[in-house]
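input-v2.pdb (PDB, C-alpha atoms and all ligand atoms) appears below.
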ATOM      1  CA  MET A   1     206.127  53.501 113.183
ATOM      2  CA  LEU A   2     207.318  56.769 111.730
ATOM      3  CA  VAL A   3     207.346  60.098 113.558
ATOM      4  CA  VAL A   4     206.562  62.823 111.032
ATOM      5  CA  GLU A   5     207.024  66.524 111.712
ATOM      6  CA  THR A   6     205.899  68.168 108.476
ATOM      7  CA  VAL A   7     202.612  68.286 106.617
ATOM      8  CA  ASP A   8     204.326  67.556 103.278
ATOM      9  CA  LYS A   9     205.944  64.384 104.547
ATOM     10  CA  LEU A  10     202.702  63.257 106.176
ATOM     11  CA  ARG A  11     200.806  63.768 102.922
ATOM     12  CA  THR A  12     203.388  61.755 100.966
ATOM     13  CA  CYS A  13     203.204  58.863 103.435
ATOM     14  CA  LEU A  14     199.399  58.826 103.415
ATOM     15  CA  ALA A  15     199.185  59.027  99.614
ATOM     16  CA  GLU A  16     201.185  55.782  99.503
ATOM     17  CA  ALA A  17     198.882  54.124 102.018
ATOM     18  CA  ARG A  18     195.802  55.219 100.105
ATOM     19  CA  ALA A  19     197.278  53.977  96.819
ATOM     20  CA  GLU A  20     197.428  50.576  98.521
ATOM     21  CA  GLY A  21     193.690  50.882  99.201
ATOM     22  CA  LYS A  22     194.024  51.437 102.943
ATOM     23  CA  ASP A  23     191.504  53.405 105.027
ATOM     24  CA  VAL A  24     193.019  56.069 107.240
ATOM     25  CA  GLY A  25     192.090  56.554 110.905
ATOM     26  CA  LEU A  26     193.099  59.677 112.822
ATOM     27  CA  VAL A  27     193.378  60.065 116.592
ATOM     28  CA  PRO A  28     194.013  63.723 117.443
ATOM     29  CA  THR A  29     195.744  64.198 120.813
ATOM     30  CA  MET A  30     197.759  66.718 122.756
ATOM     31  CA  GLY A  31     200.079  63.976 124.033
ATOM     32  CA  ALA A  32     200.680  62.923 127.645
ATOM     33  CA  LEU A  33     198.905  59.776 126.550
ATOM     34  CA  HIS A  34     197.086  57.426 128.892
ATOM     35  CA  ASP A  35     194.806  54.397 128.618
ATOM     36  CA  GLY A  36     191.931  56.633 127.490
ATOM     37  CA  HIS A  37     193.913  57.605 124.401
ATOM     38  CA  ALA A  38     195.039  53.995 124.027
ATOM     39  CA  SER A  39     191.388  52.913 123.760
ATOM     40  CA  LEU A  40     190.868  55.355 120.852
ATOM     41  CA  VAL A  41     194.062  54.211 119.156
ATOM     42  CA  LYS A  42     193.203  50.525 119.534
ATOM     43  CA  ARG A  43     189.837  51.134 117.949
ATOM     44  CA  SER A  44     191.414  53.023 115.042
ATOM     45  CA  VAL A  45     194.007  50.304 114.484
ATOM     46  CA  GLU A  46     191.200  47.721 114.424
ATOM     47  CA  GLU A  47     189.043  49.664 111.984
ATOM     48  CA  ASN A  48     191.596  51.164 109.552
ATOM     49  CA  GLY A  49     194.520  50.004 107.429
ATOM     50  CA  VAL A  50     196.580  52.974 108.622
ATOM     51  CA  THR A  51     196.408  54.920 111.876
ATOM     52  CA  VAL A  52     197.803  58.410 112.365
ATOM     53  CA  VAL A  53     198.042  59.830 115.902
ATOM     54  CA  SER A  54     198.694  63.547 116.099
ATOM     55  CA  VAL A  55     200.534  64.845 119.146
ATOM     56  CA  PHE A  56     200.302  68.609 119.268
ATOM     57  CA  VAL A  57     199.659  70.904 122.223
ATOM     58  CA  ASN A  58     197.538  73.395 120.345
ATOM     59  CA  PRO A  59     198.174  76.926 121.658
ATOM     60  CA  THR A  60     195.038  78.442 120.098
ATOM     61  CA  GLN A  61     192.701  76.429 122.312
ATOM     62  CA  PHE A  62     194.243  77.591 125.608
ATOM     63  CA  ASN A  63     192.653  80.734 126.967
ATOM     64  CA  ASP A  64     194.928  80.555 130.018
ATOM     65  CA  LYS A  65     198.664  80.903 129.323
ATOM     66  CA  GLY A  66     199.612  79.188 132.590
ATOM     67  CA  ASP A  67     197.484  76.189 131.630
ATOM     68  CA  LEU A  68     199.310  75.965 128.267
ATOM     69  CA  GLU A  69     202.710  76.169 129.974
ATOM     70  CA  ARG A  70     201.777  73.576 132.603
ATOM     71  CA  TYR A  71     200.346  71.128 130.051
ATOM     72  CA  PRO A  72     202.460  67.933 130.288
ATOM     73  CA  ARG A  73     204.708  67.176 127.287
ATOM     74  CA  THR A  74     205.992  63.596 127.077
ATOM     75  CA  LEU A  75     206.615  62.842 123.389
ATOM     76  CA  ASP A  76     209.188  60.058 123.924
ATOM     77  CA  ALA A  77     206.945  58.119 126.298
ATOM     78  CA  ASP A  78     203.962  58.771 124.004
ATOM     79  CA  CYS A  79     205.815  57.324 120.994
ATOM     80  CA  HIS A  80     206.830  54.286 123.014
ATOM     81  CA  LEU A  81     203.182  53.612 123.917
ATOM     82  CA  LEU A  82     201.954  54.220 120.347
ATOM     83  CA  GLU A  83     204.534  51.922 118.809
ATOM     84  CA  GLY A  84     203.276  49.094 121.022
ATOM     85  CA  LEU A  85     199.714  49.743 119.848
ATOM     86  CA  GLY A  86     200.551  49.304 116.167
ATOM     87  CA  VAL A  87     200.296  52.948 115.100
ATOM     88  CA  ASP A  88     201.739  53.725 111.672
ATOM     89  CA  TYR A  89     202.418  57.463 111.895
ATOM     90  CA  VAL A  90     202.815  59.920 114.745
ATOM     91  CA  PHE A  91     202.323  63.443 113.475
ATOM     92  CA  ALA A  92     204.202  65.746 115.873
ATOM     93  CA  PRO A  93     204.535  69.132 114.159
ATOM     94  CA  SER A  94     205.956  72.359 115.552
ATOM     95  CA  VAL A  95     203.697  75.336 116.226
ATOM     96  CA  GLU A  96     205.260  77.090 113.180
ATOM     97  CA  GLU A  97     204.413  74.132 110.944
ATOM     98  CA  VAL A  98     200.736  74.261 111.899
ATOM     99  CA  TYR A  99     200.435  78.040 112.204
ATOM    100  CA  PRO A 100     202.884  79.607 109.709
ATOM    101  CA  GLU A 101     200.660  82.643 110.111
ATOM    102  CA  PRO A 102     197.969  83.290 112.733
ATOM    103  CA  ASP A 103     194.734  81.413 112.108
ATOM    104  CA  THR A 104     192.060  84.094 111.955
ATOM    105  CA  ARG A 105     189.132  81.787 111.193
ATOM    106  CA  VAL A 106     186.142  82.298 113.440
ATOM    107  CA  PHE A 107     183.687  79.444 113.858
ATOM    108  CA  ASP A 108     180.158  79.670 115.197
ATOM    109  CA  PHE A 109     178.662  76.540 116.658
ATOM    110  CA  SER A 110     175.695  78.208 118.355
ATOM    111  CA  PRO A 111     174.143  77.177 120.609
ATOM    112  CA  LEU A 112     176.542  74.290 121.346
ATOM    113  CA  ASP A 113     179.523  76.539 122.077
ATOM    114  CA  LYS A 114     177.619  79.116 124.143
ATOM    115  CA  VAL A 115     177.318  76.961 127.266
ATOM    116  CA  MET A 116     179.579  75.245 129.817
ATOM    117  CA  GLU A 117     183.193  75.217 128.530
ATOM    118  CA  GLY A 118     182.175  77.860 125.999
ATOM    119  CA  VAL A 119     181.337  80.221 128.873
ATOM    120  CA  TYR A 120     184.304  79.429 131.109
ATOM    121  CA  ARG A 121     186.945  79.056 128.380
ATOM    122  CA  PRO A 122     186.154  81.766 125.835
ATOM    123  CA  GLY A 123     187.763  81.009 122.471
ATOM    124  CA  HIS A 124     188.569  77.430 123.459
ATOM    125  CA  PHE A 125     186.291  75.728 120.961
ATOM    126  CA  ASN A 126     187.309  78.106 118.203
ATOM    127  CA  GLY A 127     190.898  76.955 118.789
ATOM    128  CA  VAL A 128     189.815  73.312 118.852
ATOM    129  CA  ALA A 129     187.956  73.793 115.557
ATOM    130  CA  GLN A 130     191.006  75.512 114.041
ATOM    131  CA  ILE A 131     193.367  72.662 114.853
ATOM    132  CA  VAL A 132     190.962  69.791 114.224
ATOM    133  CA  SER A 133     189.882  71.218 110.848
ATOM    134  CA  LYS A 134     193.556  71.609 109.882
ATOM    135  CA  LEU A 135     194.284  68.024 110.938
ATOM    136  CA  PHE A 136     191.312  66.845 108.874
ATOM    137  CA  MET A 137     192.712  68.761 105.868
ATOM    138  CA  TYR A 138     196.212  67.327 106.299
ATOM    139  CA  VAL A 139     195.189  63.721 106.956
ATOM    140  CA  GLU A 140     191.826  63.459 105.142
ATOM    141  CA  PRO A 141     190.898  60.570 107.416
ATOM    142  CA  ASP A 142     188.077  58.133 106.770
ATOM    143  CA  ARG A 143     187.434  58.032 110.513
ATOM    144  CA  ALA A 144     188.493  60.220 113.440
ATOM    145  CA  TYR A 145     188.301  59.152 117.077
ATOM    146  CA  PHE A 146     187.490  61.349 120.097
ATOM    147  CA  GLY A 147     186.796  60.576 123.745
ATOM    148  CA  GLU A 148     183.374  61.132 125.312
ATOM    149  CA  LYS A 149     185.068  62.633 128.372
ATOM    150  CA  ASP A 150     185.233  65.868 126.372
ATOM    151  CA  PHE A 151     181.524  65.591 125.784
ATOM    152  CA  GLN A 152     180.966  69.138 124.527
ATOM    153  CA  GLN A 153     184.037  68.985 122.287
ATOM    154  CA  LEU A 154     182.716  65.832 120.630
ATOM    155  CA  ALA A 155     179.344  67.484 119.908
ATOM    156  CA  ILE A 156     181.087  70.548 118.490
ATOM    157  CA  ILE A 157     183.393  68.524 116.263
ATOM    158  CA  ARG A 158     180.392  66.649 114.869
ATOM    159  CA  GLU A 159     178.758  70.016 114.192
ATOM    160  CA  MET A 160     181.930  71.345 112.531
ATOM    161  CA  VAL A 161     182.045  68.315 110.226
ATOM    162  CA  ARG A 162     178.388  68.933 109.354
ATOM    163  CA  GLN A 163     178.939  72.652 108.706
ATOM    164  CA  LEU A 164     182.057  72.092 106.560
ATOM    165  CA  GLY A 165     180.465  69.184 104.707
ATOM    166  CA  LEU A 166     183.449  66.930 105.392
ATOM    167  CA  ASP A 167     183.336  63.335 104.312
ATOM    168  CA  LEU A 168     184.500  61.425 107.377
ATOM    169  CA  GLU A 169     183.049  59.536 110.284
ATOM    170  CA  ILE A 170     183.439  60.916 113.809
ATOM    171  CA  ILE A 171     183.638  58.122 116.334
ATOM    172  CA  GLY A 172     183.019  58.880 120.012
ATOM    173  CA  CYS A 173     184.583  56.424 122.453
ATOM    174  CA  PRO A 174     183.502  55.848 126.092
ATOM    175  CA  ILE A 175     185.290  57.452 129.045
ATOM    176  CA  VAL A 176     188.026  55.243 130.471
ATOM    177  CA  ARG A 177     188.293  55.335 134.273
ATOM    178  CA  GLU A 178     190.822  54.192 136.853
ATOM    179  CA  ALA A 179     189.637  51.231 138.936
ATOM    180  CA  ASP A 180     188.558  53.716 141.630
ATOM    181  CA  GLY A 181     186.444  55.747 139.178
ATOM    182  CA  LEU A 182     188.663  58.731 138.371
ATOM    183  CA  ALA A 183     188.244  59.618 134.691
ATOM    184  CA  LEU A 184     191.580  59.315 132.893
ATOM    185  CA  SER A 185     193.001  62.663 131.832
ATOM    186  CA  SER A 186     196.424  63.948 130.834
ATOM    187  CA  ARG A 187     195.932  66.530 133.562
ATOM    188  CA  ASN A 188     195.832  63.799 136.248
ATOM    189  CA  ALA A 189     199.625  63.707 135.898
ATOM    190  CA  LEU A 190     199.661  67.191 137.437
ATOM    191  CA  LEU A 191     197.860  66.078 140.629
ATOM    192  CA  THR A 192     199.790  65.371 143.824
ATOM    193  CA  PRO A 193     198.924  61.987 145.429
ATOM    194  CA  GLU A 194     196.709  63.828 147.974
ATOM    195  CA  GLN A 195     194.940  65.786 145.235
ATOM    196  CA  ARG A 196     194.340  62.587 143.307
ATOM    197  CA  THR A 197     192.534  61.157 146.339
ATOM    198  CA  THR A 198     190.565  64.393 146.744
ATOM    199  CA  ALA A 199     189.602  64.368 143.039
ATOM    200  CA  LEU A 200     187.864  61.004 143.520
ATOM    201  CA  ALA A 201     184.931  62.888 145.057
ATOM    202  CA  ILE A 202     184.035  64.053 141.531
ATOM    203  CA  SER A 203     183.340  60.650 139.980
ATOM    204  CA  LYS A 204     181.957  59.313 143.265
ATOM    205  CA  SER A 205     179.324  62.047 143.423
ATOM    206  CA  LEU A 206     178.441  61.558 139.744
ATOM    207  CA  PHE A 207     177.978  57.795 140.202
ATOM    208  CA  ALA A 208     175.953  58.314 143.396
ATOM    209  CA  SER A 209     173.764  60.846 141.607
ATOM    210  CA  VAL A 210     172.585  58.266 139.061
ATOM    211  CA  ASP A 211     170.920  56.252 141.839
ATOM    212  CA  PHE A 212     169.774  59.422 143.590
ATOM    213  CA  ALA A 213     168.147  60.617 140.355
ATOM    214  CA  LYS A 214     165.815  57.590 140.326
ATOM    215  CA  SER A 215     163.870  59.026 143.256
ATOM    216  CA  HIS A 216     164.625  62.759 143.072
ATOM    217  CA  SER A 217     163.942  65.659 140.764
ATOM    218  CA  LEU A 218     166.556  66.935 138.348
ATOM    219  CA  GLU A 219     167.087  70.084 140.408
ATOM    220  CA  GLU A 220     167.570  68.015 143.598
ATOM    221  CA  THR A 221     170.037  65.777 141.801
ATOM    222  CA  LYS A 222     171.971  68.763 140.492
ATOM    223  CA  GLN A 223     172.123  70.212 143.982
ATOM    224  CA  MET A 224     173.254  66.898 145.447
ATOM    225  CA  VAL A 225     176.287  66.792 143.117
ATOM    226  CA  GLU A 226     177.061  70.475 143.631
ATOM    227  CA  SER A 227     176.993  70.103 147.433
ATOM    228  CA  ALA A 228     179.062  66.898 147.413
ATOM    229  CA  VAL A 229     181.805  68.667 145.457
ATOM    230  CA  ALA A 230     181.529  71.995 147.300
ATOM    231  CA  ASP A 231     181.770  70.159 150.657
ATOM    232  CA  THR A 232     185.017  68.439 149.654
ATOM    233  CA  GLU A 233     188.013  70.384 150.880
ATOM    234  CA  GLY A 234     190.475  70.973 148.053
ATOM    235  CA  LEU A 235     187.850  71.007 145.286
ATOM    236  CA  GLU A 236     186.313  74.079 143.731
ATOM    237  CA  LEU A 237     183.286  73.575 141.518
ATOM    238  CA  GLU A 238     183.237  75.620 138.317
ATOM    239  CA  TYR A 239     179.930  74.279 137.054
ATOM    240  CA  TYR A 240     177.662  71.293 137.078
ATOM    241  CA  GLU A 241     175.100  71.366 134.283
ATOM    242  CA  ILE A 242     172.533  68.729 133.478
ATOM    243  CA  VAL A 243     171.886  69.052 129.754
ATOM    244  CA  ASN A 244     170.120  67.625 126.771
ATOM    245  CA  GLY A 245     172.835  65.322 125.389
ATOM    246  CA  THR A 246     172.165  66.429 121.820
ATOM    247  CA  THR A 247     171.656  70.188 122.096
ATOM    248  CA  LEU A 248     173.779  70.666 125.260
ATOM    249  CA  GLN A 249     171.149  73.070 126.588
ATOM    250  CA  THR A 250     170.216  72.924 130.279
ATOM    251  CA  VAL A 251     167.184  70.829 131.115
ATOM    252  CA  HIS A 252     165.092  71.321 134.247
ATOM    253  CA  SER A 253     163.176  68.062 134.490
ATOM    254  CA  TRP A 254     163.836  64.440 133.607
ATOM    255  CA  ASP A 255     160.961  64.493 131.088
ATOM    256  CA  GLU A 256     162.458  67.292 129.032
ATOM    257  CA  ALA A 257     164.696  65.070 126.861
ATOM    258  CA  ASP A 258     165.352  61.414 126.035
ATOM    259  CA  TYR A 259     169.104  61.827 126.302
ATOM    260  CA  ILE A 260     170.351  63.605 129.447
ATOM    261  CA  VAL A 261     173.957  64.048 130.573
ATOM    262  CA  GLY A 262     175.509  65.785 133.583
ATOM    263  CA  CYS A 263     178.706  67.688 132.798
ATOM    264  CA  ILE A 264     181.030  68.868 135.544
ATOM    265  CA  THR A 265     184.179  70.966 135.765
ATOM    266  CA  VAL A 266     186.102  71.192 139.005
ATOM    267  CA  TYR A 267     189.400  72.732 140.056
ATOM    268  CA  CYS A 268     191.576  70.543 142.221
ATOM    269  CA  GLY A 269     194.227  73.057 143.238
ATOM    270  CA  LYS A 270     195.250  74.613 139.936
ATOM    271  CA  VAL A 271     194.305  71.526 137.920
ATOM    272  CA  ARG A 272     191.079  71.792 135.965
ATOM    273  CA  LEU A 273     189.275  68.454 135.701
ATOM    274  CA  ILE A 274     186.182  67.580 133.697
ATOM    275  CA  ASP A 275     183.913  64.571 133.801
ATOM    276  CA  ASN A 276     180.374  63.623 132.800
ATOM    277  CA  ILE A 277     177.708  61.038 133.436
ATOM    278  CA  ARG A 278     174.715  59.886 131.453
ATOM    279  CA  TYR A 279     171.328  59.805 133.228
ATOM    280  CA  LYS A 280     169.236  58.584 130.325
TER     281      LYS A 280
HETATM  282  O1  LIG A 301     190.910  66.635 123.153
HETATM  283  C1  LIG A 301     192.064  67.038 122.907
HETATM  284  O2  LIG A 301     193.071  66.473 123.356
HETATM  285  C2  LIG A 301     192.229  68.265 122.037
HETATM  286  O3  LIG A 301     191.233  69.199 122.266
HETATM  287  C3  LIG A 301     192.322  67.934 120.534
HETATM  288  C4  LIG A 301     191.037  67.328 120.015
HETATM  289  C5  LIG A 301     193.470  66.968 120.301
HETATM  290  C6  LIG A 301     192.594  69.205 119.741
HETATM  291  O4  LIG A 301     193.791  69.802 120.120
END
Once you've parsed the file, please lay out its structure as structure tokens.
Ligand code: PAF
Amino acid sequence: MLVVETVDKLRTCLAEARAEGKDVGLVPTMGALHDGHASLVKRSVEENGVTVVSVFVNPTQFNDKGDLERYPRTLDADCHLLEGLGVDYVFAPSVEEVYPEPDTRVFDFSPLDKVMEGVYRPGHFNGVAQIVSKLFMYVEPDRAYFGEKDFQQLAIIREMVRQLGLDLEIIGCPIVREADGLALSSRNALLTPEQRTTALAISKSLFASVDFAKSHSLEETKQMVESAVADTEGLELEYYEIVNGTTLQTVHSWDEADYIVGCITVYCGKVRLIDNIRYK
């Protein structure tokens, strides 16, 4: 496995791989890797001759400076994990390499980016689109792998690929959870042991709501999750939205769409956690 820091070097390495007829898989990450990332990487290694994992904490997608500063950075441990998974290249550029000048591109993914994270993290998805589109230009992957935990991000990346007319396959991979249900996230590393226990109320209420939904209206189900989180000391609910899984727009009854997902964001202390659950 080679750790590459420049775009030029990455392009040279990938040109060689392509000349050998190999497909290229890309797993974009911000590092602090866990088993959720490992599941994406394993899938890429299975499906492609060459796998590139990018490790880059992208400043343009953080609307909160403190959040950017607190974001865990563990490149050595990440490389150790990736080597064991059979990754070919780790692309770990500097901020200057990726943004030699400010990226002024403005994307519009309406209405997908006007709800949920788009409301609470203004500019976030524009930053995600900036970095992911750059990574797609550098790597020109045949397939790129993203987790379904970032449900809205996945929908927006699919839309970006459609808008830009890019020729690659976006592969969404299921959320990976701890045995007790907590969705894996790089941010979990920032939780104290007590906060980690407190955070369990998020997945627990989502799981319970799936059963609850069988005999209750959508609004009652939404309220049940909101109350369960609000009643847990140490958690602060930012939003719980039950949405059409394709358009991401709020739905008000179970009959309104064939694909319905509940998306939640909760603060546990200063740590912002997201999760989601599919109802149908
Ligand atoms: O999901 C993430 O970790 C990031 O948003 C991504 C896709 C790597 C872009 O920085």
Taking a cut-off of 7 Å and counting all atoms listed in the file, can you build a table that, for each residue of chain A near ligand LIG 301 (chain A), reports the nearest atom pair and how far apart they are in Å (one decimal), sorted by chain then residue number, as a Markdown table?
| residue | atom | partner | partner_atom | distance |
| --- | --- | --- | --- | --- |
| A:Pro28 | CA | A:LIG301 | C5 | 4.4 |
| A:Thr29 | CA | A:LIG301 | C5 | 3.6 |
| A:Met30 | CA | A:LIG301 | O2 | 4.7 |
| A:Phe56 | CA | A:LIG301 | O4 | 6.7 |
| A:Val57 | CA | A:LIG301 | O4 | 6.3 |
| A:Asn58 | CA | A:LIG301 | O4 | 5.2 |
| A:Val128 | CA | A:LIG301 | C6 | 5.0 |
| A:Ile131 | CA | A:LIG301 | O4 | 6.0 |
| A:Val132 | CA | A:LIG301 | C6 | 5.8 |
| A:Phe146 | CA | A:LIG301 | C4 | 7.0 |
| A:Asp150 | CA | A:LIG301 | O1 | 6.6 |
Of the candidates A:Glu47, A:Glu233, A:Glu238, A:Glu69, which shows the shortest atom-to-atom distance to Tyr145 of chain A, using all atoms listed in the file?
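The answer is A:Glu47, which sits nearest to Tyr145 of chain A.
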What's the 12 Å shell around Thr192 of chain A, counting all atoms listed in the file, without same-chain residues fewer than 2 positions away, as a ChimeraX atom specification?
/A:187-190,194-199,234,268-271
For the residues selected in the previous step, produce a file with C-alpha atoms as a PDB file, in the frame of the given file.
ATOM      1  CA  ARG A 187     195.932  66.530 133.562  1.00  0.00           C
ATOM      2  CA  ASN A 188     195.832  63.799 136.248  1.00  0.00           C
ATOM      3  CA  ALA A 189     199.625  63.707 135.898  1.00  0.00           C
ATOM      4  CA  LEU A 190     199.661  67.191 137.437  1.00  0.00           C
ATOM      5  CA  GLU A 194     196.709  63.828 147.974  1.00  0.00           C
ATOM      6  CA  GLN A 195     194.940  65.786 145.235  1.00  0.00           C
ATOM      7  CA  ARG A 196     194.340  62.587 143.307  1.00  0.00           C
ATOM      8  CA  THR A 197     192.534  61.157 146.339  1.00  0.00           C
ATOM      9  CA  THR A 198     190.565  64.393 146.744  1.00  0.00           C
ATOM     10  CA  ALA A 199     189.602  64.368 143.039  1.00  0.00           C
ATOM     11  CA  GLY A 234     190.475  70.973 148.053  1.00  0.00           C
ATOM     12  CA  CYS A 268     191.576  70.543 142.221  1.00  0.00           C
ATOM     13  CA  GLY A 269     194.227  73.057 143.238  1.00  0.00           C
ATOM     14  CA  LYS A 270     195.250  74.613 139.936  1.00  0.00           C
ATOM     15  CA  VAL A 271     194.305  71.526 137.920  1.00  0.00           C
TER      16      VAL A 271
END
Work out how far atom CA of Arg143 of chain A is from atom CA of Val98 of chain A, in Å to one decimal.
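One can read the atom CA of Val98 of chain A to atom CA of Arg143 of chain A distance as 21.0 Å.
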Among listed residues A:Gly127, A:Gly21, A:Gly147, A:Pro141, nearest Val41 of chain A (using all atoms listed in the file):
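Counting all atoms listed in the file, the residue closest to Val41 of chain A is A:Gly147.
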Between atom CA of Asp88 of chain A and atom CA of Leu2 of chain A lies a distance of 6.4 Å
Near-Ser133 of chain A list (12 Å; all atoms listed in the file; drop same-chain fewer than 3 positions) as a PyMOL selection string
chain A and resi 28+98+103+105-107+125-130+136-141+144+156-166+168
From the options A:Ser185, A:Gly86, A:Phe62, A:Pro93, which residue's atoms come nearest to Asp8 of chain A, counting all atoms listed in the file?
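Nearest to Asp8 of chain A: A:Pro93.
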For segment 163-174 of chain A, supply N, CA, C and O atoms and report the output as a PDB file, in the coordinates of the input.
ATOM      1  N   GLN A 163     178.897  71.315 109.329  1.00  0.00           N
ATOM      2  CA  GLN A 163     178.939  72.652 108.706  1.00  0.00           C
ATOM      3  C   GLN A 163     179.891  72.688 107.511  1.00  0.00           C
ATOM      4  O   GLN A 163     179.608  73.324 106.505  1.00  0.00           O
ATOM      5  N   LEU A 164     181.049  72.035 107.637  1.00  0.00           N
ATOM      6  CA  LEU A 164     182.057  72.092 106.560  1.00  0.00           C
ATOM      7  C   LEU A 164     181.783  71.056 105.468  1.00  0.00           C
ATOM      8  O   LEU A 164     182.470  71.037 104.450  1.00  0.00           O
ATOM      9  N   GLY A 165     180.811  70.211 105.702  1.00  0.00           N
ATOM     10  CA  GLY A 165     180.465  69.184 104.707  1.00  0.00           C
ATOM     11  C   GLY A 165     181.591  68.192 104.482  1.00  0.00           C
ATOM     12  O   GLY A 165     181.819  67.753 103.353  1.00  0.00           O
ATOM     13  N   LEU A 166     182.307  67.842 105.553  1.00  0.00           N
ATOM     14  CA  LEU A 166     183.449  66.930 105.392  1.00  0.00           C
ATOM     15  C   LEU A 166     182.961  65.487 105.297  1.00  0.00           C
ATOM     16  O   LEU A 166     181.953  65.124 105.907  1.00  0.00           O
ATOM     17  N   ASP A 167     183.725  64.714 104.540  1.00  0.00           N
ATOM     18  CA  ASP A 167     183.336  63.335 104.312  1.00  0.00           C
ATOM     19  C   ASP A 167     184.184  62.420 105.203  1.00  0.00           C
ATOM     20  O   ASP A 167     185.182  61.862 104.750  1.00  0.00           O
ATOM     21  N   LEU A 168     183.828  62.353 106.476  1.00  0.00           N
ATOM     22  CA  LEU A 168     184.500  61.425 107.377  1.00  0.00           C
ATOM     23  C   LEU A 168     183.560  61.090 108.521  1.00  0.00           C
ATOM     24  O   LEU A 168     182.588  61.806 108.756  1.00  0.00           O
ATOM     25  N   GLU A 169     183.899  59.993 109.183  1.00  0.00           N
ATOM     26  CA  GLU A 169     183.049  59.536 110.284  1.00  0.00           C
ATOM     27  C   GLU A 169     183.716  59.934 111.607  1.00  0.00           C
ATOM     28  O   GLU A 169     184.916  59.681 111.792  1.00  0.00           O
ATOM     29  N   ILE A 170     182.923  60.576 112.472  1.00  0.00           N
ATOM     30  CA  ILE A 170     183.439  60.916 113.809  1.00  0.00           C
ATOM     31  C   ILE A 170     182.996  59.828 114.771  1.00  0.00           C
ATOM     32  O   ILE A 170     181.797  59.550 114.888  1.00  0.00           O
ATOM     33  N   ILE A 171     183.965  59.231 115.441  1.00  0.00           N
ATOM     34  CA  ILE A 171     183.638  58.122 116.334  1.00  0.00           C
ATOM     35  C   ILE A 171     183.933  58.526 117.779  1.00  0.00           C
ATOM     36  O   ILE A 171     185.077  58.853 118.127  1.00  0.00           O
ATOM     37  N   GLY A 172     182.879  58.549 118.588  1.00  0.00           N
ATOM     38  CA  GLY A 172     183.019  58.880 120.012  1.00  0.00           C
ATOM     39  C   GLY A 172     183.254  57.604 120.796  1.00  0.00           C
ATOM     40  O   GLY A 172     182.561  56.613 120.589  1.00  0.00           O
ATOM     41  N   CYS A 173     184.246  57.626 121.674  1.00  0.00           N
ATOM     42  CA  CYS A 173     184.583  56.424 122.453  1.00  0.00           C
ATOM     43  C   CYS A 173     184.359  56.697 123.944  1.00  0.00           C
ATOM     44  O   CYS A 173     184.625  57.798 124.427  1.00  0.00           O
ATOM     45  N   PRO A 174     183.877  55.667 124.675  1.00  0.00           N
ATOM     46  CA  PRO A 174     183.502  55.848 126.092  1.00  0.00           C
ATOM     47  C   PRO A 174     184.658  56.317 126.978  1.00  0.00           C
ATOM     48  O   PRO A 174     185.824  56.028 126.689  1.00  0.00           O
TER      49      PRO A 174
END
